[in-house]
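See below for entry-v2.cif, which holds mmCIF, C-alpha atoms.
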data_target
#
loop_
_atom_site.group_PDB
_atom_site.id
_atom_site.type_symbol
_atom_site.label_atom_id
_atom_site.label_comp_id
_atom_site.auth_asym_id
_atom_site.auth_seq_id
_atom_site.Cartn_x
_atom_site.Cartn_y
_atom_site.Cartn_z
ATOM 1 C CA MET X 10 23.262 76.710 160.649
ATOM 2 C CA LEU X 11 26.209 74.424 159.912
ATOM 3 C CA GLU X 12 26.553 75.657 156.326
ATOM 4 C CA LEU X 13 26.984 79.232 157.578
ATOM 5 C CA TYR X 14 29.967 78.140 159.678
ATOM 6 C CA LEU X 15 31.412 76.226 156.725
ATOM 7 C CA VAL X 16 31.151 79.251 154.418
ATOM 8 C CA MET X 17 32.626 81.452 157.133
ATOM 9 C CA ALA X 18 35.590 79.094 157.559
ATOM 10 C CA PHE X 19 36.089 79.142 153.769
ATOM 11 C CA MET X 20 36.125 82.948 153.772
ATOM 12 C CA LEU X 21 38.547 83.053 156.704
ATOM 13 C CA ILE X 22 40.934 80.638 154.960
ATOM 14 C CA GLY X 23 40.631 82.712 151.792
ATOM 15 C CA ALA X 24 41.540 85.881 153.666
ATOM 16 C CA VAL X 25 44.600 84.249 155.248
ATOM 17 C CA VAL X 26 45.699 82.890 151.864
ATOM 18 C CA ALA X 27 45.211 86.308 150.247
ATOM 19 C CA VAL X 28 47.495 87.930 152.796
ATOM 20 C CA GLY X 29 50.082 85.142 152.851
ATOM 21 C CA LEU X 30 50.635 84.551 149.144
ATOM 22 C CA ARG X 31 53.606 86.149 147.422
ATOM 23 C CA GLY X 32 52.195 86.488 143.917
ATOM 24 C CA LEU X 33 49.910 89.492 143.608
ATOM 25 C CA LEU X 34 47.645 87.836 141.004
ATOM 26 C CA SER X 35 47.047 84.853 143.307
ATOM 27 C CA SER X 36 46.142 87.233 146.117
ATOM 28 C CA VAL X 37 43.617 89.001 143.894
ATOM 29 C CA ILE X 38 42.023 85.665 142.979
ATOM 30 C CA ALA X 39 41.848 84.719 146.682
ATOM 31 C CA VAL X 40 40.044 88.020 147.364
ATOM 32 C CA GLY X 41 37.592 87.049 144.617
ATOM 33 C CA ALA X 42 37.002 83.723 146.377
ATOM 34 C CA ILE X 43 36.161 85.632 149.575
ATOM 35 C CA GLY X 44 33.595 87.686 147.671
ATOM 36 C CA LEU X 45 32.053 84.539 146.229
ATOM 37 C CA GLY X 46 31.784 83.103 149.740
ATOM 38 C CA LEU X 47 30.046 86.296 150.867
ATOM 39 C CA CYS X 48 27.607 85.911 147.956
ATOM 40 C CA VAL X 49 26.793 82.315 149.032
ATOM 41 C CA MET X 50 26.345 83.558 152.594
ATOM 42 C CA PHE X 51 23.817 86.186 151.466
ATOM 43 C CA LEU X 52 21.940 83.457 149.599
ATOM 44 C CA LEU X 53 21.882 81.237 152.702
ATOM 45 C CA LEU X 54 20.579 84.165 154.767
ATOM 46 C CA LYS X 55 17.788 84.596 152.163
ATOM 47 C CA ALA X 56 18.815 87.948 150.671
ATOM 48 C CA PRO X 57 18.874 87.383 146.885
ATOM 49 C CA ASP X 58 19.077 91.112 146.064
ATOM 50 C CA LEU X 59 22.313 91.464 147.987
ATOM 51 C CA ALA X 60 23.634 88.204 146.543
ATOM 52 C CA ILE X 61 23.138 89.371 142.941
ATOM 53 C CA THR X 62 24.727 92.754 143.650
ATOM 54 C CA GLN X 63 27.649 91.195 145.516
ATOM 55 C CA LEU X 64 28.303 88.711 142.688
ATOM 56 C CA VAL X 65 28.345 91.245 139.841
ATOM 57 C CA VAL X 66 30.325 93.859 141.784
ATOM 58 C CA GLU X 67 32.830 91.158 142.754
ATOM 59 C CA ILE X 68 33.317 90.195 139.085
ATOM 60 C CA LEU X 69 33.810 93.857 138.112
ATOM 61 C CA MET X 70 36.296 94.497 140.923
ATOM 62 C CA LEU X 71 38.196 91.319 140.015
ATOM 63 C CA ILE X 72 38.541 92.464 136.387
ATOM 64 C CA ILE X 73 39.705 95.940 137.434
ATOM 65 C CA LEU X 74 42.142 94.565 140.046
ATOM 66 C CA ILE X 75 43.623 92.042 137.599
ATOM 67 C CA ARG X 76 44.092 94.777 135.000
ATOM 68 C CA ALA X 77 45.696 96.941 137.667
ATOM 69 C CA THR X 78 48.132 94.240 138.827
ATOM 70 C CA ILE X 79 49.228 92.516 135.604
ATOM 71 C CA GLY X 80 51.888 94.374 133.671
ATOM 72 C CA ARG X 81 52.562 97.022 136.276
ATOM 73 C CA GLY X 82 55.839 95.454 137.357
ATOM 74 C CA VAL X 83 54.690 94.760 140.904
ATOM 75 C CA SER X 84 53.619 91.164 140.505
ATOM 76 C CA ARG X 85 55.590 89.786 143.480
ATOM 77 C CA ILE X 86 56.090 90.975 147.019
ATOM 78 C CA LYS X 87 59.681 90.936 148.225
ATOM 79 C CA ASP X 88 59.296 91.426 151.979
ATOM 80 C CA ARG X 89 59.537 88.413 154.262
ATOM 81 C CA SER X 90 56.755 88.024 156.789
ATOM 82 C CA SER X 91 57.878 88.153 160.408
ATOM 83 C CA VAL X 92 56.717 86.332 163.538
ATOM 84 C CA TRP X 93 54.454 89.210 164.524
ATOM 85 C CA VAL X 94 52.325 88.576 161.465
ATOM 86 C CA PHE X 95 51.524 85.060 162.672
ATOM 87 C CA ILE X 96 50.858 86.219 166.227
ATOM 88 C CA SER X 97 48.515 88.990 165.112
ATOM 89 C CA PHE X 98 46.841 86.544 162.700
ATOM 90 C CA PHE X 99 46.020 84.145 165.541
ATOM 91 C CA ILE X 100 44.807 86.941 167.837
ATOM 92 C CA PHE X 101 42.579 88.584 165.235
ATOM 93 C CA SER X 102 41.130 85.354 163.835
ATOM 94 C CA ALA X 103 40.307 84.141 167.369
ATOM 95 C CA ALA X 104 38.576 87.453 168.132
ATOM 96 C CA PHE X 105 36.659 87.279 164.830
ATOM 97 C CA ILE X 106 35.525 83.675 165.362
ATOM 98 C CA LEU X 107 34.372 84.493 168.896
ATOM 99 C CA ALA X 108 32.421 87.587 167.813
ATOM 100 C CA ALA X 109 30.935 85.928 164.741
ATOM 101 C CA SER X 110 29.738 82.831 166.598
ATOM 102 C CA MET X 111 28.062 85.082 169.160
ATOM 103 C CA ALA X 112 26.476 87.172 166.400
ATOM 104 C CA ILE X 113 25.172 84.241 164.374
ATOM 105 C CA LYS X 114 23.407 82.822 167.443
ATOM 106 C CA GLU X 115 21.523 86.124 167.828
ATOM 107 C CA LEU X 116 20.354 86.335 164.197
ATOM 108 C CA PRO X 117 16.582 86.656 163.889
ATOM 109 C CA MET X 118 14.751 83.869 162.079
ATOM 110 C CA PHE X 119 13.458 84.428 158.556
ATOM 111 C CA GLY X 120 10.351 86.617 158.487
ATOM 112 C CA GLN X 121 10.478 87.590 162.141
ATOM 113 C CA GLU X 122 10.257 91.332 162.749
ATOM 114 C CA LEU X 123 12.469 93.079 165.240
ATOM 115 C CA MET X 124 11.337 96.701 165.152
ATOM 116 C CA LYS X 125 8.097 98.550 164.585
ATOM 117 C CA VAL X 126 9.495 100.121 161.397
ATOM 118 C CA SER X 127 10.299 96.814 159.742
ATOM 119 C CA LYS X 128 6.892 95.449 160.717
ATOM 120 C CA PHE X 129 5.307 98.497 159.063
ATOM 121 C CA TYR X 130 7.341 97.899 155.900
ATOM 122 C CA VAL X 131 6.421 94.212 155.692
ATOM 123 C CA ASP X 132 2.735 94.962 156.207
ATOM 124 C CA ASN X 133 2.291 98.061 154.037
ATOM 125 C CA ALA X 134 4.944 97.987 151.307
ATOM 126 C CA LEU X 135 2.739 96.362 148.669
ATOM 127 C CA LEU X 136 -0.276 98.524 149.531
ATOM 128 C CA LYS X 137 1.509 101.859 149.607
ATOM 129 C CA THR X 138 3.912 101.477 146.687
ATOM 130 C CA GLY X 139 2.521 98.685 144.543
ATOM 131 C CA ALA X 140 5.931 97.054 144.125
ATOM 132 C CA ALA X 141 6.120 93.312 144.585
ATOM 133 C CA ASN X 142 9.759 93.418 145.687
ATOM 134 C CA ILE X 143 9.815 94.868 149.200
ATOM 135 C CA VAL X 144 13.558 95.603 149.085
ATOM 136 C CA THR X 145 13.152 97.821 146.017
ATOM 137 C CA SER X 146 10.138 99.567 147.519
ATOM 138 C CA ILE X 147 12.204 100.384 150.627
ATOM 139 C CA ILE X 148 15.330 101.634 148.873
ATOM 140 C CA LEU X 149 13.527 103.610 146.166
ATOM 141 C CA ASP X 150 10.405 104.827 147.950
ATOM 142 C CA PHE X 151 10.586 104.865 151.756
ATOM 143 C CA ARG X 152 14.344 105.410 151.910
ATOM 144 C CA ALA X 153 14.971 107.087 148.546
ATOM 145 C CA TYR X 154 16.924 109.911 150.135
ATOM 146 C CA ASP X 155 19.615 107.390 151.156
ATOM 147 C CA THR X 156 19.764 106.128 147.586
ATOM 148 C CA LEU X 157 20.241 109.696 146.350
ATOM 149 C CA GLY X 158 23.213 109.967 148.696
ATOM 150 C CA GLU X 159 24.679 106.719 147.348
ATOM 151 C CA THR X 160 24.220 107.987 143.809
ATOM 152 C CA THR X 161 26.105 111.143 144.752
ATOM 153 C CA VAL X 162 28.911 109.034 146.209
ATOM 154 C CA LEU X 163 29.192 107.044 142.969
ATOM 155 C CA PHE X 164 29.159 110.232 140.870
ATOM 156 C CA THR X 165 31.896 111.757 143.005
ATOM 157 C CA SER X 166 34.023 108.628 142.789
ATOM 158 C CA VAL X 167 33.719 108.526 138.981
ATOM 159 C CA ILE X 168 34.739 112.191 138.781
ATOM 160 C CA GLY X 169 37.653 111.500 141.133
ATOM 161 C CA VAL X 170 38.933 108.561 139.070
ATOM 162 C CA LEU X 171 38.649 110.533 135.828
ATOM 163 C CA ALA X 172 40.457 113.502 137.384
ATOM 164 C CA LEU X 173 43.286 111.349 138.732
ATOM 165 C CA MET X 174 43.720 109.305 135.551
ATOM 166 C CA ARG X 175 43.534 112.076 132.957
ATOM 167 C CA ARG X 176 46.446 112.970 130.721
ATOM 168 C CA LYS X 177 45.615 116.519 129.699
ATOM 169 C CA GLY X 178 46.046 119.453 132.013
ATOM 170 C CA ARG X 179 49.036 118.068 133.865
ATOM 171 C CA LYS X 180 51.861 120.547 134.319
ATOM 172 C CA LYS X 181 55.545 120.063 134.905
ATOM 173 C CA ILE X 182 56.988 121.186 138.216
ATOM 174 C CA ASN X 183 58.389 124.524 137.088
ATOM 175 C CA GLU X 184 55.805 125.238 134.406
ATOM 176 C CA ARG X 185 53.722 128.390 134.745
ATOM 177 C CA ASP X 186 50.210 129.217 133.672
ATOM 178 C CA GLU X 187 49.818 130.743 130.248
ATOM 179 C CA PRO X 188 48.586 134.336 130.628
ATOM 180 C CA ASP X 189 45.133 134.685 129.141
ATOM 181 C CA SER X 190 45.384 138.220 127.781
ATOM 182 C CA MET O 2 46.096 95.694 122.968
ATOM 183 C CA ASN O 3 44.808 94.173 119.733
ATOM 184 C CA GLY O 4 42.323 91.964 121.503
ATOM 185 C CA MET O 5 42.249 88.238 122.109
ATOM 186 C CA SER O 6 42.177 85.277 119.737
ATOM 187 C CA LEU O 7 39.646 84.566 117.004
ATOM 188 C CA ILE O 8 37.711 82.097 119.172
ATOM 189 C CA VAL O 9 37.196 84.659 121.921
ATOM 190 C CA LYS O 10 36.069 87.292 119.426
ATOM 191 C CA ARG O 11 33.585 84.927 117.783
ATOM 192 C CA VAL O 12 32.130 83.770 121.109
ATOM 193 C CA THR O 13 31.927 87.380 122.275
ATOM 194 C CA ARG O 14 29.794 88.279 119.270
ATOM 195 C CA TYR O 15 27.214 85.718 120.398
ATOM 196 C CA THR O 16 27.265 86.290 124.155
ATOM 197 C CA VAL O 17 27.560 90.040 124.561
ATOM 198 C CA GLY O 18 24.016 90.695 123.369
ATOM 199 C CA LEU O 19 22.605 88.163 125.793
ATOM 200 C CA ILE O 20 24.510 89.706 128.711
ATOM 201 C CA LEU O 21 23.301 93.206 127.778
ATOM 202 C CA LEU O 22 19.734 91.918 127.466
ATOM 203 C CA TYR O 23 19.975 90.251 130.885
ATOM 204 C CA GLY O 24 21.150 93.505 132.442
ATOM 205 C CA ILE O 25 18.267 95.428 130.880
ATOM 206 C CA TYR O 26 15.870 92.734 132.108
ATOM 207 C CA ILE O 27 17.209 93.052 135.664
ATOM 208 C CA VAL O 28 16.788 96.839 135.537
ATOM 209 C CA PHE O 29 13.256 96.776 134.170
ATOM 210 C CA HIS O 30 12.032 94.028 136.513
ATOM 211 C CA GLY O 31 13.644 95.559 139.604
ATOM 212 C CA HIS O 32 10.295 96.095 141.307
ATOM 213 C CA LEU O 33 9.124 92.530 140.701
ATOM 214 C CA THR O 34 12.098 90.214 141.114
ATOM 215 C CA PRO O 35 15.414 90.422 143.018
ATOM 216 C CA GLY O 36 17.876 92.791 141.450
ATOM 217 C CA GLY O 37 17.261 96.416 140.665
ATOM 218 C CA GLY O 38 19.010 99.402 139.219
ATOM 219 C CA PHE O 39 22.447 98.899 140.723
ATOM 220 C CA ALA O 40 22.878 95.200 139.901
ATOM 221 C CA GLY O 41 21.448 95.630 136.398
ATOM 222 C CA GLY O 42 23.656 98.634 135.754
ATOM 223 C CA VAL O 43 26.745 96.675 136.752
ATOM 224 C CA ILE O 44 25.739 93.850 134.380
ATOM 225 C CA ILE O 45 25.320 96.379 131.526
ATOM 226 C CA ALA O 46 28.773 97.803 132.292
ATOM 227 C CA LEU O 47 30.184 94.257 132.364
ATOM 228 C CA SER O 48 28.821 93.547 128.890
ATOM 229 C CA PHE O 49 30.661 96.581 127.498
ATOM 230 C CA ILE O 50 33.816 95.609 129.431
ATOM 231 C CA HIS O 51 33.520 92.134 127.882
ATOM 232 C CA LEU O 52 33.512 93.801 124.466
ATOM 233 C CA VAL O 53 36.558 95.926 125.307
ATOM 234 C CA LEU O 54 38.543 92.995 126.713
ATOM 235 C CA ALA O 55 37.821 90.770 123.708
ATOM 236 C CA PHE O 56 38.312 93.262 120.867
ATOM 237 C CA GLY O 57 41.043 95.457 122.327
ATOM 238 C CA ILE O 58 40.994 99.011 123.534
ATOM 239 C CA ARG O 59 41.829 100.696 120.233
ATOM 240 C CA SER O 60 38.779 99.398 118.358
ATOM 241 C CA ALA O 61 36.597 100.042 121.404
ATOM 242 C CA LYS O 62 37.774 103.645 121.583
ATOM 243 C CA LYS O 63 36.753 104.104 117.969
ATOM 244 C CA SER O 64 33.297 102.554 118.272
ATOM 245 C CA ILE O 65 32.219 103.856 121.701
ATOM 246 C CA PRO O 66 32.178 107.670 121.827
ATOM 247 C CA LYS O 67 33.331 109.307 125.043
ATOM 248 C CA ARG O 68 30.624 111.950 124.905
ATOM 249 C CA LEU O 69 27.914 109.274 125.050
ATOM 250 C CA ILE O 70 29.314 107.884 128.310
ATOM 251 C CA SER O 71 29.449 111.291 129.947
ATOM 252 C CA ILE O 72 25.926 112.144 128.767
ATOM 253 C CA GLY O 73 24.591 108.852 130.153
ATOM 254 C CA GLU O 74 26.298 109.365 133.498
ATOM 255 C CA SER O 75 24.970 112.897 133.932
ATOM 256 C CA LEU O 76 21.510 112.075 132.576
ATOM 257 C CA GLY O 77 21.045 109.201 135.032
ATOM 258 C CA GLY O 78 21.886 111.333 138.050
ATOM 259 C CA LEU O 79 19.780 114.262 136.886
ATOM 260 C CA LEU O 80 16.793 112.019 136.104
ATOM 261 C CA PHE O 81 16.907 110.486 139.572
ATOM 262 C CA LEU O 82 17.147 113.901 141.205
ATOM 263 C CA CYS O 83 14.305 115.270 139.048
ATOM 264 C CA ILE O 84 11.997 112.417 140.063
ATOM 265 C CA GLY O 85 12.678 113.378 143.674
ATOM 266 C CA LEU O 86 12.120 117.073 143.008
ATOM 267 C CA ILE O 87 8.839 116.532 141.132
ATOM 268 C CA GLY O 88 7.567 114.868 144.294
ATOM 269 C CA LEU O 89 7.969 118.204 146.085
ATOM 270 C CA THR O 90 5.009 119.571 144.130
ATOM 271 C CA GLY O 91 2.762 116.977 145.756
ATOM 272 C CA GLY O 92 4.046 117.364 149.295
ATOM 273 C CA PHE O 93 7.446 115.842 150.089
ATOM 274 C CA PHE O 94 10.716 114.705 148.598
ATOM 275 C CA PHE O 95 10.517 111.473 146.570
ATOM 276 C CA LEU O 96 6.736 111.304 146.654
ATOM 277 C CA ASN O 97 5.421 108.373 144.639
ATOM 278 C CA PHE O 98 3.331 110.777 142.624
ATOM 279 C CA PHE O 99 1.372 108.505 140.317
ATOM 280 C CA ALA O 100 -2.180 108.492 141.631
ATOM 281 C CA LYS O 101 -2.979 105.009 140.369
ATOM 282 C CA LYS O 102 0.057 102.850 140.855
ATOM 283 C CA GLY O 103 -1.057 100.133 138.491
ATOM 284 C CA GLU O 104 -1.835 96.495 139.066
ATOM 285 C CA PRO O 105 0.720 94.852 141.381
ATOM 286 C CA PHE O 106 2.870 92.005 139.999
ATOM 287 C CA THR O 107 2.775 93.466 136.469
ATOM 288 C CA LEU O 108 5.513 95.323 134.626
ATOM 289 C CA LEU O 109 3.711 98.696 134.622
ATOM 290 C CA SER O 110 3.196 99.090 138.341
ATOM 291 C CA ALA O 111 4.719 100.710 141.424
ATOM 292 C CA GLY O 112 4.575 104.333 140.227
ATOM 293 C CA THR O 113 7.986 105.986 140.112
ATOM 294 C CA ILE O 114 10.049 102.971 141.203
ATOM 295 C CA PRO O 115 10.722 101.632 137.660
ATOM 296 C CA LEU O 116 11.727 105.139 136.522
ATOM 297 C CA CYS O 117 14.182 105.402 139.427
ATOM 298 C CA ASN O 118 15.512 101.939 138.564
ATOM 299 C CA ILE O 119 16.112 102.977 134.948
ATOM 300 C CA ALA O 120 17.879 106.170 136.043
ATOM 301 C CA ILE O 121 20.130 104.340 138.497
ATOM 302 C CA GLY O 122 20.859 101.598 135.965
ATOM 303 C CA LEU O 123 21.905 104.160 133.336
ATOM 304 C CA LYS O 124 24.067 105.981 135.835
ATOM 305 C CA VAL O 125 25.790 102.924 137.327
ATOM 306 C CA GLY O 126 26.367 101.275 133.957
ATOM 307 C CA THR O 127 27.987 104.268 132.317
ATOM 308 C CA GLY O 128 29.849 105.322 135.476
ATOM 309 C CA LEU O 129 31.536 101.977 136.126
ATOM 310 C CA PHE O 130 32.358 101.598 132.441
ATOM 311 C CA ALA O 131 33.930 105.074 132.535
ATOM 312 C CA ILE O 132 36.102 104.015 135.495
ATOM 313 C CA PHE O 133 37.250 100.896 133.641
ATOM 314 C CA MET O 134 37.984 102.844 130.463
ATOM 315 C CA ALA O 135 39.930 105.465 132.425
ATOM 316 C CA LEU O 136 42.156 102.789 133.960
ATOM 317 C CA ALA O 137 42.641 100.943 130.648
ATOM 318 C CA VAL O 138 43.253 104.037 128.497
ATOM 319 C CA PHE O 139 45.692 105.433 131.030
ATOM 320 C CA LYS O 140 47.725 102.237 130.790
ATOM 321 C CA LEU O 141 47.654 102.466 126.981
ATOM 322 C CA THR O 142 49.004 106.018 126.873
ATOM 323 C CA LYS O 143 51.707 105.088 129.361
ATOM 324 C CA GLU O 144 52.881 102.301 127.053
ATOM 325 C CA GLU O 145 52.839 104.652 124.090
ATOM 326 C CA ASP O 146 55.128 107.017 125.969
ATOM 327 C CA LYS O 147 57.655 104.247 126.504
ATOM 328 C CA GLN O 148 57.891 103.416 122.796
#

Is it possible to express this structure as structure tokens?
Amino acid sequence: MLELYLVMAFMLIGAVVAVGLRGLLSSVIAVGAIGLGLCVMFLLLKAPDLAITQLVVEILMLIILIRATIGRGVSRIKDRSSVWVFISFFIFSAAFILAASMAIKELPMFGQELMKVSKFYVDNALLKTGAANIVTSIILDFRAYDTLGETTVLFTSVIGVLALMRRKGRKKINERDEPDS
Amino acid sequence: MNGMSLIVKRVTRYTVGLILLYGIYIVFHGHLTPGGGFAGGVIIALSFIHLVLAFGIRSAKKSIPKRLISIGESLGGLLFLCIGLIGLTGGFFFLNFFAKKGEPFTLLSAGTIPLCNIAIGLKVGTGLFAIFMALAVFKLTKEEDKQ
């Protein structure tokens, strides 16, 4: 249980550093350190599927964020931080530590079921689907409709990025449509 | 935009195949080991991003056709939806419609789950690579305007 608190303290320090640093690249790297801490936390809570996904998505987001920050002319933040930033930092970090220490005490032990549904999954997943990995059998068989929704979200986000970043089809302010006929 | 140094290019030639192979392995073994379609798809996209970062965007734009990315993105989503719709013929949405689901703990098992994994892996890999290419190519055209 001690290692969970250590990783949580590391992530909290990383978050404070990410907000406090002036250089934008250093902030992005601090955000990457937070994601790595989250990955270690998933491993300690015995969820390797989530840990793998968190690690690779964190690497991808880090690459995209670094490419978005370097060479855009916004590498440093000019504003000075005021006293209210420190006060709100202490208030919010105290609230987070209080809530998180209460939540970690209530975590169920490994392999202990809480609800009837999860007990059904643990007992019948291999029999009903034939998949050795229970997580995959839940997200792609019992709860596949959720996964379809997530796929739709990803598709929509790709279309949105391509529509925002395109070069063709952009008009000037006073430009009119060309008449077809 | 002409890519990185000679050392990076040479190392990339050796490592990019291994990264792509690891992503395909994660996708295909999603029903046996931790991982699955999403994580494997992101690793496949990362291998292509590795290629783009090492060799520069201009050579990548020549060698990777845009139509292929859009076909992969659409095909992955449609395949996943079709697997769900085929299940309607047997009773309900996303029915695991293979009668014999194969021997557990082998590669050919678990009915439709590997097919769904492949569809999601195709979709996530091409989709995230399309996002990266959109951001990178947009920056390139902006620099060309300045010159």

Extract, using only C-alpha atoms, all DNA, RNA and protein residues at most 10 Å from Leu22 (chain O), discarding same-chain residues fewer than 5 positions from it, and format them as a short mmCIF file (atom, residue, chain, number, x, y, z; two decimals) with C-alpha atoms, keeping the file's coordinate frame.
data_model
loop_
_atom_site.label_atom_id
_atom_site.label_comp_id
_atom_site.auth_asym_id
_atom_site.auth_seq_id
_atom_site.Cartn_x
_atom_site.Cartn_y
_atom_site.Cartn_z
CA THR O 16 27.26 86.29 124.16
CA VAL O 17 27.56 90.04 124.56
CA ILE O 27 17.21 93.05 135.66
CA VAL O 28 16.79 96.84 135.54
CA GLY O 41 21.45 95.63 136.40
CA ILE O 44 25.74 93.85 134.38
CA ILE O 45 25.32 96.38 131.53
CA SER O 48 28.82 93.55 128.89
#

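Take the PyMOL selection byres ((chain O) within 6 of (chain X)) and apply it to this file: it picks His32, Leu33, Pro35, Gly36, Ala40, Pro105, Phe106 and Ala111 of chain O.
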
Output as JSON the centre and edge lengths (Å, one decimal) of the box along x, y and z of the file that holds every listed atom of region 127-140 of chain X after adding 8 Å on each side.
{"center_x": 5.0, "center_y": 98.0, "center_z": 152.4, "size_x": 26.6, "size_y": 23.6, "size_z": 32.6}

Sel. within 12 Å of pt (46.5, 82.2, 154.3), counting only C-alpha atoms, output as a PyMOL selection string:
chain X and resi 18-31+35-36+39-40+43+94-95+98-99+102

Which residues are near Ile72 (chain O)? Cut-off 12 Å, only C-alpha atoms, ignore same chain within fewer than 5 positions. Put them as a PyMOL selection string.
chain O and resi 66-67+77-80+123-124+127-128+131

Please, what distance in Å, to one decimal, runs between CA of Phe49 (chain O) and CA of Leu116 (chain O)?
22.7 Å

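When you apply the PyMOL selection byres ((chain O and resi 13) around 12) to this structure, what comes back is Gly4, Met5, Ser6, Leu7, Ile8, Val9, Lys10, Arg11, Val12, Arg14, Tyr15, Thr16, Val17, Gly18, Leu19, Ile20, Leu21, Ser48, Phe49, Ile50, His51, Leu52, Val53, Leu54, Ala55 and Phe56 of chain O.
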